[in-house]
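Enquirer: Quick one: structure below, then a few questions.
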Amino acid sequence: MQRFLLDYIFSLRIDVVRKIAAFALLIVTILSCSYPDDFGLESTEFVYAEQKWGLIKMTGSFVGSESTGDEMDCQESYLFTPNGTFIKSRIRDEVVTECNGTFEVIEYDTEH
């Protein structure tokens, strides 16, 4: 009789464990399928640091017309600011020419 009672209790525990495991698997499956895969990035506004980009090499259409550094005819740089504006500077023959404008950062979906 005691053996029968232990077998009965043990079988109940296995059934409960199986039900809990099945329920947990069901919850994980539902949650993994119900949220988009953007990881919250679509609702995030990114803040970019100020960046300065400089021209480091110029290549012309003729063979051997490549120049770098101080050998270039002019020095150019772009200064991008976090508020979406930029300044382009060009130094040629010690004359500085600047222009400015606005830009927008666009993030593309890379899935094909």
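Naming works like this for the structure tokens: A, B, ... for the chains as they're shown, residue 1 at the start of each chain, ligands 1 onward in shown order.
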Please provide as a PyMOL selection string all residues within 7 Å of Arg90 in chain A, with the sequence filter that same-chain residues fewer than 6 positions apart are discarded (counting only C-alpha atoms).
Expert: chain A and resi 74-77+96-98
Enquirer: With only C-alpha atoms as the counted atoms, please give the residues lying no more than 12 Å from Thr59 in chain A, apart from itself and same-chain residues fewer than 3 positions off, as a PDB file with N, CA and C atoms, in the first residue's frame.
Expert:
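out.pdb, freshly written:
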```pdb
ATOM      1  N   LEU A  55      39.173  65.825 -45.685  1.00  0.00           N
ATOM      2  CA  LEU A  55      39.616  65.216 -46.934  1.00  0.00           C
ATOM      3  C   LEU A  55      41.071  64.809 -46.764  1.00  0.00           C
ATOM      4  N   ILE A  56      41.373  63.530 -47.033  1.00  0.00           N
ATOM      5  CA  ILE A  56      42.741  63.060 -46.814  1.00  0.00           C
ATOM      6  C   ILE A  56      43.441  62.654 -48.104  1.00  0.00           C
ATOM      7  N   PHE A  62      43.648  61.231 -64.289  1.00  0.00           N
ATOM      8  CA  PHE A  62      44.895  60.843 -64.952  1.00  0.00           C
ATOM      9  C   PHE A  62      45.696  59.906 -64.057  1.00  0.00           C
ATOM     10  N   VAL A  63      46.450  59.028 -64.680  1.00  0.00           N
ATOM     11  CA  VAL A  63      47.302  58.101 -63.923  1.00  0.00           C
ATOM     12  C   VAL A  63      48.347  58.894 -63.148  1.00  0.00           C
ATOM     13  N   GLY A  64      48.503  58.566 -61.878  1.00  0.00           N
ATOM     14  CA  GLY A  64      49.497  59.237 -61.051  1.00  0.00           C
ATOM     15  C   GLY A  64      49.068  60.596 -60.534  1.00  0.00           C
ATOM     16  N   SER A  65      47.791  60.932 -60.642  1.00  0.00           N
ATOM     17  CA  SER A  65      47.338  62.252 -60.198  1.00  0.00           C
ATOM     18  C   SER A  65      46.836  62.232 -58.752  1.00  0.00           C
ATOM     19  N   GLU A  66      47.186  61.210 -58.005  1.00  0.00           N
ATOM     20  CA  GLU A  66      46.762  61.108 -56.617  1.00  0.00           C
ATOM     21  C   GLU A  66      47.651  61.970 -55.724  1.00  0.00           C
ATOM     22  N   SER A  67      47.018  62.699 -54.785  1.00  0.00           N
ATOM     23  CA  SER A  67      47.783  63.501 -53.831  1.00  0.00           C
ATOM     24  C   SER A  67      47.153  63.355 -52.444  1.00  0.00           C
ATOM     25  N   THR A  68      47.991  63.476 -51.436  1.00  0.00           N
ATOM     26  CA  THR A  68      47.533  63.358 -50.047  1.00  0.00           C
ATOM     27  C   THR A  68      48.154  64.464 -49.202  1.00  0.00           C
ATOM     28  N   GLU A  71      50.194  67.911 -50.016  1.00  0.00           N
ATOM     29  CA  GLU A  71      50.384  67.895 -51.469  1.00  0.00           C
ATOM     30  C   GLU A  71      49.088  68.231 -52.213  1.00  0.00           C
ATOM     31  N   MET A  72      47.957  68.155 -51.570  1.00  0.00           N
ATOM     32  CA  MET A  72      46.673  68.423 -52.228  1.00  0.00           C
ATOM     33  C   MET A  72      46.550  69.916 -52.536  1.00  0.00           C
ATOM     34  N   ASP A  73      45.803  70.229 -53.598  1.00  0.00           N
ATOM     35  CA  ASP A  73      45.598  71.631 -53.988  1.00  0.00           C
ATOM     36  C   ASP A  73      44.868  72.417 -52.906  1.00  0.00           C
TER      37      ASP A  73
END
```
Enquirer: Neighbouring residues of Thr81 in chain A were defined as those with any atom within 7 Å, considering only C-alpha atoms; residues of the same chain fewer than 5 positions away were excluded. Please report them as a list in words.
Expert: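 Once the nearby chain positions are removed, what remains is Ala49, Glu50, Gln51 and Phe86 of chain A.
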Enquirer: Mind checking which residues fall within 12 Å of Thr102 in chain A, counting only C-alpha atoms, ignoring those fewer than 3 positions away in the same chain, and posting them as an NGL selection string?
Expert: :A and (78-88 or 99 or 105)
Enquirer: Could you write those residues out with N, CA and C atoms, as a short mmCIF file (atom, residue, chain, number, x, y, z; two decimals), in the first residue's frame?
Expert:
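Wrote it out as out19.cif, contents follow:
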```cif
data_model
loop_
_atom_site.label_atom_id
_atom_site.label_comp_id
_atom_site.auth_asym_id
_atom_site.auth_seq_id
_atom_site.Cartn_x
_atom_site.Cartn_y
_atom_site.Cartn_z
N TYR A 78 34.54 68.96 -43.15
CA TYR A 78 33.13 69.14 -42.82
C TYR A 78 33.00 69.04 -41.30
N LEU A 79 32.25 69.95 -40.71
CA LEU A 79 31.96 69.90 -39.28
C LEU A 79 30.46 69.65 -39.13
N PHE A 80 30.10 68.45 -38.64
CA PHE A 80 28.71 68.08 -38.44
C PHE A 80 28.35 68.29 -36.98
N THR A 81 27.25 68.97 -36.72
CA THR A 81 26.85 69.26 -35.34
C THR A 81 25.63 68.42 -34.96
N PRO A 82 25.41 68.21 -33.66
CA PRO A 82 24.27 67.41 -33.22
C PRO A 82 22.90 67.99 -33.58
N ASN A 83 22.83 69.29 -33.83
CA ASN A 83 21.53 69.89 -34.14
C ASN A 83 21.17 69.80 -35.63
N GLY A 84 21.96 69.06 -36.43
CA GLY A 84 21.63 68.84 -37.82
C GLY A 84 22.16 69.87 -38.79
N THR A 85 23.16 70.64 -38.38
CA THR A 85 23.78 71.60 -39.29
C THR A 85 25.21 71.18 -39.58
N PHE A 86 25.76 71.70 -40.68
CA PHE A 86 27.15 71.41 -41.01
C PHE A 86 27.81 72.66 -41.58
N ILE A 87 29.12 72.67 -41.49
CA ILE A 87 29.93 73.72 -42.11
C ILE A 87 31.01 73.03 -42.93
N LYS A 88 31.10 73.39 -44.20
CA LYS A 88 32.16 72.88 -45.07
C LYS A 88 33.19 73.99 -45.21
N CYS A 99 30.88 77.17 -46.42
CA CYS A 99 29.45 77.14 -46.71
C CYS A 99 28.81 76.27 -45.62
N VAL A 105 19.94 62.50 -40.56
CA VAL A 105 20.41 61.12 -40.48
C VAL A 105 19.23 60.20 -40.71
#
```
Enquirer: What's the separation between CA of Gly60 in chain A and CA of Ile91 in chain A, in Å to one decimal place?
Expert: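 Going from CA of Gly60 in chain A over to CA of Ile91 in chain A covers 18.7 Å.
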Enquirer: Any idea what the distance is between CA of Gly69 in chain A and CA of Lys57 in chain A?
Expert: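 Straight-line distance from CA of Gly69 in chain A to CA of Lys57 in chain A works out to 6.9 Å.
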